[in-house]
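**Student:** I have a structure here, written as structure tokens, and I will follow up with some questions on it.
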Number of protein chains: 2
Amino acid sequence: MTESDDAPAKRPTIYDLAQIAGASPSAVSSVLNGTWQKRRISAKLAERISLIAKEQGYAVNLQASMLRRERSRIVGMIIPKYDNRYFGAIAEQFEAMARERGLFPVITCTQRDPALEVEAARELMSYQAECLIATGATDPDRIAEICAPAGIRTINLDLPGTGGPSVVSDNFGGARDLARLILDRVRRDFGSVSPLFFIGGRGQDHNTRERLRGFLAAHAERGIDVPETRLLMRGYSASKTEASLAGLDLPQDCGIFVNSTIALEGVIRWIHARPIPPQMRFGCFDWDPFAAFLDQNAGMMRQDVGAMLAQVFAFVEHPPAGAPRIEVPCIFEPARSALAATAG
Amino acid sequence: MTESDDAPAKRPTIYDLAQIAGASPSAVSSVLNGTWQKRRISAKLAERISLIAKEQGYAVNLQASMLRRERSRIVGMIIPKYDNRYFGAIAEQFEAMARERGLFPVITCTQRDPALEVEAARELMSYQAECLIATGATDPDRIAEICAPAGIRTINLDLPGTGGPSVVSDNFGGARDLARLILDRVRRDFGSVSPLFFIGGRGQDHNTRERLRGFLAAHAERGIDVPETRLLMRGYSASKTEASLAGLDLPQDCGIFVNSTIALEGVIRWIHARPIPPQMRFGCFDWDPFAAFLDQNAGMMRQDVGAMLAQVFAFVEHPPAGAPRIEVPCIFEPARSALAATAG
DNA sequence: CAAGCGTGCTCAATCGATGTAGCAAAGCTG
DNA sequence: CAGCTTTGCTACATCGATTGAGCACGCTTG
């Protein structure tokens with residue numbers, strides 16, 4: 001099975017290659033990490049060593065290499081979940097963009113659990129990450145606090161913090177535009193001008209507050225008053241959202257502003273659990289390819305993951321002074337459902 | 001800003017802690033990695049060292065630790081995408097399950113690109129991974145070939161290979177049951193007994209072949225003949241799927257077997273792009289929470305990610321002889337759409 | 001031909017944590 | 001109190017790659 005029986009399951013090292021090539025480990029090292037010209041190794045020897053390395057299936061030991069080098073080139077990311085389109089896209093694009101820049105991405109999923117977030121930050125410190133992207137962290141400043149004394153820069157993504165630069169969506173503007181749209185649609189389709197419901201998220205969390213502000217602004221400019229009872233912010237979870245809707249007696253012909261695709265899952269479950277599906281329209285802050293085709297959908301605000309990450313990497317490469325906050329505009333995704341199409 | 005001005009941005013090492021504690025680096029090391037009882041360090045010293053470590057915000061240097069240790073405890077995973085429910089769930093649960101077992105998960109996303117897969121496998125070798133899970137790899141045997149000489153075990157997930165044990169869904173059984181369901185639904189709703197369409201995937205790929213076999217078996221047992229023109233396998237991509245449907249003139253009242261949620265995205269786009277939405281029913285191999293509520297949905301076959309990963313970790317912990325292939329049954333997710341509910 | 005320089009390479013220290021071997025002191029036994 | 005064990009710790013080599021310092025040789029120059 002193995003190529004040579006005298007080396008059973010041992011990865012070859014530069015010492016092994018040096019022995020085979022009849023050269024020194026230093027020569028081998030410099031050839032394999034591309035510094036051989038600078039170190040005045042002859043092209044002939046370089047080629048011979050490269051060939052032997054290929055034959056032996058050599059791969060650097062990153063542990064040894066990173067231990068010796070001053071820079072690890074590791075950029076860590078903590079992220080709450082993988083299994084929705086927004087965070088999935090962030091993880092996927094972050095990885096690709098880091099690799100493009102010659103960095104090593106290491107991503108850890110924290111399930112929105114503050115204790116796991118801290119643990120993950122510590123683990124990334126142990127990996128000697130140079131930089132940590134805290135995505136949607138429940139307590140970004142706690143993370144920054146842990147990293148600061150170790151000299152690890154933190155960048156907040158999706159939710160802002162004060163311990164480092166932050167890149168977030170324009171939650172206010174996006175929410176205002178989305179609320180306007182839903183209000184228009186409800187009036188057009190149902191002739192009603194009653195206030196919308198706001199569903200999902202947490203009242204303490206920055207994004208929810210900003211979106212609520214946009215939501216209320218859209219109502220205010222139309223002179224519509226929003227009673228407290230229309231605001232349901234019991235967290236990010238489909239089942240909690242479903243439960244809080246089920247506890248209510250929603251009117252027919254209503255409009256719902258949904259704060260995330262996760263909450264939307266709860267809304268949709270609630271709609272379909274009812275004996276008679278309610279007449280309603282919703283808009284969602286966040287995008288999902290299938291949710292885009294649901295009948296009652298009026299439109300979705302898609303967060304511009306590419307633009308946000310571009311900004312994050314700008315901060316990785318050129319650390320800014322202080323803790324600036326960049327707001328990235330969202331992309332409006334119109335409804336694709338047949339209902340919306342025939343109506344519009 | 002920093003706690004002590006003489007140590008600006010340098011992580012403390014065991015040598016620093018040893019100096020402060022007035023003890024040896026060995027003592028510090030053994031206290032911090034929990035082997036101090038075995039090494040007969042007094043509880044008093046252990047406590048003192050722990051306290052100092054906490055004060056100084058110490059975190060092990062995993063590069064150094066792993067270099068010295070014989071085992072890295074790293075398990076690598078390569079995965080084609082993050083941004084759909086199936087792979088997102090795999091990544092998320094893999095990470096949690098690895099951590100539960102005291103292992104370090106490192107996941108790399110390869111965009112279904114064979115070259116990136118090989119590159120990722122090499123990188124994971126360099127991280128000294130002990131084990132590599134190749135998920136949905138386009139060429140799992142190539143990966144196994146690279147890893148074998150380095151003594152890295154590979155386990156194939158989702159798509160089988162011959163270079164190591166494989167854990168896959170029961171694609172045949174699941175597809176047969178799903179095809180039966182769609183056929184029943186089409187007959188009930190439209191009174192038609194014409195063959196279904198099979199859409200998405202690649203003819204060369206194992207899962208698609210097995211699912212096709214199940215699809216054909218369901219037709220065969222009803223005596224329905226399936227013409228070649230009903231099989232559209234032009235890859236895993238929403239836009240290719242949409243394009244191949246657009247090129248066809250699908251009959252009204254048809255039934256479609258969709259080979260993945262990614263292909264389903266194409267199908268749904270196609271449906272909504274038509275001036276008059278076609279009468280049809282579809283079933284999908286793979287589950288998505290929103291797709292479950294689409295009107296024409298007859299049901300979805302959800303792959304049992306938890307069971308598959310449990311089997312993967314069984315193989316990680318107890319390497320089997322040879323290259324067994326385990327088939328995990330799928331979970332049937334009935335349709336949730338109003339249409340399906342009123343009809344059924 | 002001595003002095004100087006460029007070429008092509010090697011030596012050895014180093015990164016931080018680990019663990020074996022071993023040392024000194026205290027406690028116990030006969 | 002010699003001879004033993006036990007306790008509590010330290011010294012040092014080691015993992016594999018990197019890199020500053022430096023050696024030996026050949027060639028040029030005055």
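Residues are named by chain letter and number: chains run A, B, ... in the order of the structure tokens, numbers start at 1 in each chain, and ligands are numbered from 1 in the order shown.
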So that each row is one residue of chain B with an atom at most 6 Å from chain A, can you give its shortest atom pair and the distance in Å to one decimal, using only C-alpha atoms, rows by chain and rising number, as CSV?

**Tutor:**
```
residue,atom,partner,partner_atom,distance
B:Ala9,CA,A:Gly151,CA,4.5
B:Arg11,CA,A:Ala150,CA,5.0
B:Ala59,CA,A:Ser126,CA,5.6
B:Val60,CA,A:Ser126,CA,5.4
B:Asn61,CA,A:Ser126,CA,4.9
B:Leu62,CA,A:Ser126,CA,5.3
B:Gln63,CA,A:Gln63,CA,4.5
B:Ala64,CA,A:Leu67,CA,6.0
B:Leu67,CA,A:Gln63,CA,5.6
B:Tyr82,CA,A:Gly88,CA,5.1
B:Asp83,CA,A:Gly88,CA,4.5
B:Arg85,CA,A:Asp83,CA,5.5
B:Gly88,CA,A:Asp83,CA,4.5
B:Ala89,CA,A:Asp83,CA,5.6
B:Glu92,CA,A:Tyr82,CA,6.0
B:Ser126,CA,A:Asn61,CA,4.9
B:Tyr127,CA,A:Leu62,CA,5.5
B:Pro149,CA,A:Thr2,CA,6.0
B:Ala150,CA,A:Arg11,CA,4.9
B:Gly151,CA,A:Ala9,CA,4.4
B:Phe290,CA,A:Ala291,CA,5.5
B:Ala291,CA,A:Phe290,CA,5.6
```

**Student:** Using only C-alpha atoms (C1' of nucleotides), select each residue of chain D with any atom at most 10 Å away from an atom of chain A, and give the selection as a list of chain:residue names.

**Tutor:**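 Applying the cut-off to the listed atoms yields D:DC15, D:DG16, D:DA17, D:DT18, D:DT19.
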
**Student:** Rounded to one decimal place, report the CA of Ala98 (chain B)-CA of Gly136 (chain A) distance in Å.

**Tutor:** 22.8 Å

**Student:** Region 176-181 of chain B: which residues within 6 Å, counting only C-alpha atoms (C1' of nucleotides), same-chain residues fewer than 6 positions away excluded, as a list in words?

**Tutor:**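 These residues fall inside the cut-off: Gly214, Phe215 and Ala218 of chain B.
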
**Student:** Those same residues - C-alpha atoms - I'd like them written as a PDB file, in the first residue's frame.

**Tutor:**
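Just written: result_13.pdb:
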```
ATOM      1  CA  GLY B 214     -34.680   4.552  -7.609  1.00  0.00           C
ATOM      2  CA  PHE B 215     -36.623   6.928  -9.840  1.00  0.00           C
ATOM      3  CA  ALA B 218     -40.693   3.490  -9.037  1.00  0.00           C
TER       4      ALA B 218
END
```

**Student:** As a VMD selection string, please: every residue in region 84-234 of chain B that DSSP puts in strand (DSSP E).

**Tutor:** chain B and resid 104 to 109 131 to 135 153 to 157 166 to 169 197 to 199 201 to 202 231 to 232 234

**Student:** Just C-alpha atoms for this one: save the residues we selected as a short mmCIF file (atom, residue, chain, number, x, y, z; two decimals), in the first residue's frame.

**Tutor:**
```cif
data_model
loop_
_atom_site.label_atom_id
_atom_site.label_comp_id
_atom_site.auth_asym_id
_atom_site.auth_seq_id
_atom_site.Cartn_x
_atom_site.Cartn_y
_atom_site.Cartn_z
CA PHE B 104 -10.28 20.61 16.50
CA PRO B 105 -12.45 20.92 13.40
CA VAL B 106 -11.08 22.79 10.40
CA ILE B 107 -13.45 23.19 7.49
CA THR B 108 -12.62 24.31 3.99
CA CYS B 109 -15.06 25.19 1.27
CA CYS B 131 -8.25 12.64 9.58
CA LEU B 132 -9.95 14.20 6.59
CA ILE B 133 -13.65 14.11 5.84
CA ALA B 134 -14.22 14.57 2.13
CA THR B 135 -17.79 15.77 1.76
CA ARG B 153 -7.16 8.67 7.03
CA THR B 154 -9.94 9.88 4.81
CA ILE B 155 -13.64 9.33 5.27
CA ASN B 156 -16.04 10.05 2.43
CA LEU B 157 -19.30 11.73 3.23
CA SER B 166 -17.98 6.11 3.00
CA VAL B 167 -21.15 7.39 4.61
CA VAL B 168 -23.90 8.24 2.15
CA SER B 169 -27.65 8.54 2.09
CA PHE B 197 -39.09 14.50 -15.23
CA PHE B 198 -35.77 14.00 -13.45
CA ILE B 199 -33.86 17.25 -13.05
CA GLY B 201 -27.15 16.49 -10.93
CA ARG B 202 -24.61 14.81 -13.12
CA LEU B 231 -33.89 13.03 -17.79
CA LEU B 232 -32.09 16.35 -17.48
CA ARG B 234 -26.73 19.14 -16.56
#
```

**Student:** Using 8 Å as the limit and counting only C-alpha atoms, can you tabulate each residue of region 281-308 of chain A that touches region 313-328 of chain A, with its shortest atom-to-atom distance in Å and the two atoms involved, as JSON lines?

**Tutor:**
```
{"residue": "A:Asp304", "atom": "CA", "partner": "A:Val328", "partner_atom": "CA", "distance": 7.1}
{"residue": "A:Ala307", "atom": "CA", "partner": "A:Val328", "partner_atom": "CA", "distance": 7.1}
{"residue": "A:Met308", "atom": "CA", "partner": "A:Val328", "partner_atom": "CA", "distance": 6.4}
```

**Student:** Keeping C-alpha atoms for every residue in the selection just given, could you write it to a file as an mmCIF file, in the first residue's frame?

**Tutor:**
```cif
data_model
loop_
_atom_site.group_PDB
_atom_site.id
_atom_site.type_symbol
_atom_site.label_atom_id
_atom_site.label_comp_id
_atom_site.auth_asym_id
_atom_site.auth_seq_id
_atom_site.Cartn_x
_atom_site.Cartn_y
_atom_site.Cartn_z
ATOM 1 C CA ASP A 304 -24.693 43.143 0.572
ATOM 2 C CA ALA A 307 -19.492 44.821 -0.170
ATOM 3 C CA MET A 308 -19.387 44.239 3.578
#
```

**Student:** Any chance you could tabulate, as a Markdown table, the residues of chain C at most 7 Å from chain B with each one's nearest atom pair and distance in Å to one decimal, using only C-alpha atoms (C1' of nucleotides), in chain and rising number order?

**Tutor:**
```
| residue | atom | partner | partner_atom | distance |
| --- | --- | --- | --- | --- |
| C:DG16 | C1' | B:Ala64 | CA | 5.0 |
| C:DA17 | C1' | B:Ser65 | CA | 4.8 |
| C:DT18 | C1' | B:Arg68 | CA | 6.1 |
```

**Student:** Keeping only C-alpha atoms (C1' of nucleotides), write the selected residues to a file as an mmCIF file, in the first residue's frame.

**Tutor:**
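Output saved as selection-v6.cif:
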```cif
data_model
loop_
_atom_site.group_PDB
_atom_site.id
_atom_site.type_symbol
_atom_site.label_atom_id
_atom_site.label_comp_id
_atom_site.auth_asym_id
_atom_site.auth_seq_id
_atom_site.Cartn_x
_atom_site.Cartn_y
_atom_site.Cartn_z
ATOM 1 C "C1'" DG C 16 6.925 27.693 22.601
ATOM 2 C "C1'" DA C 17 5.340 23.547 24.667
ATOM 3 C "C1'" DT C 18 6.160 18.867 26.121
#
```
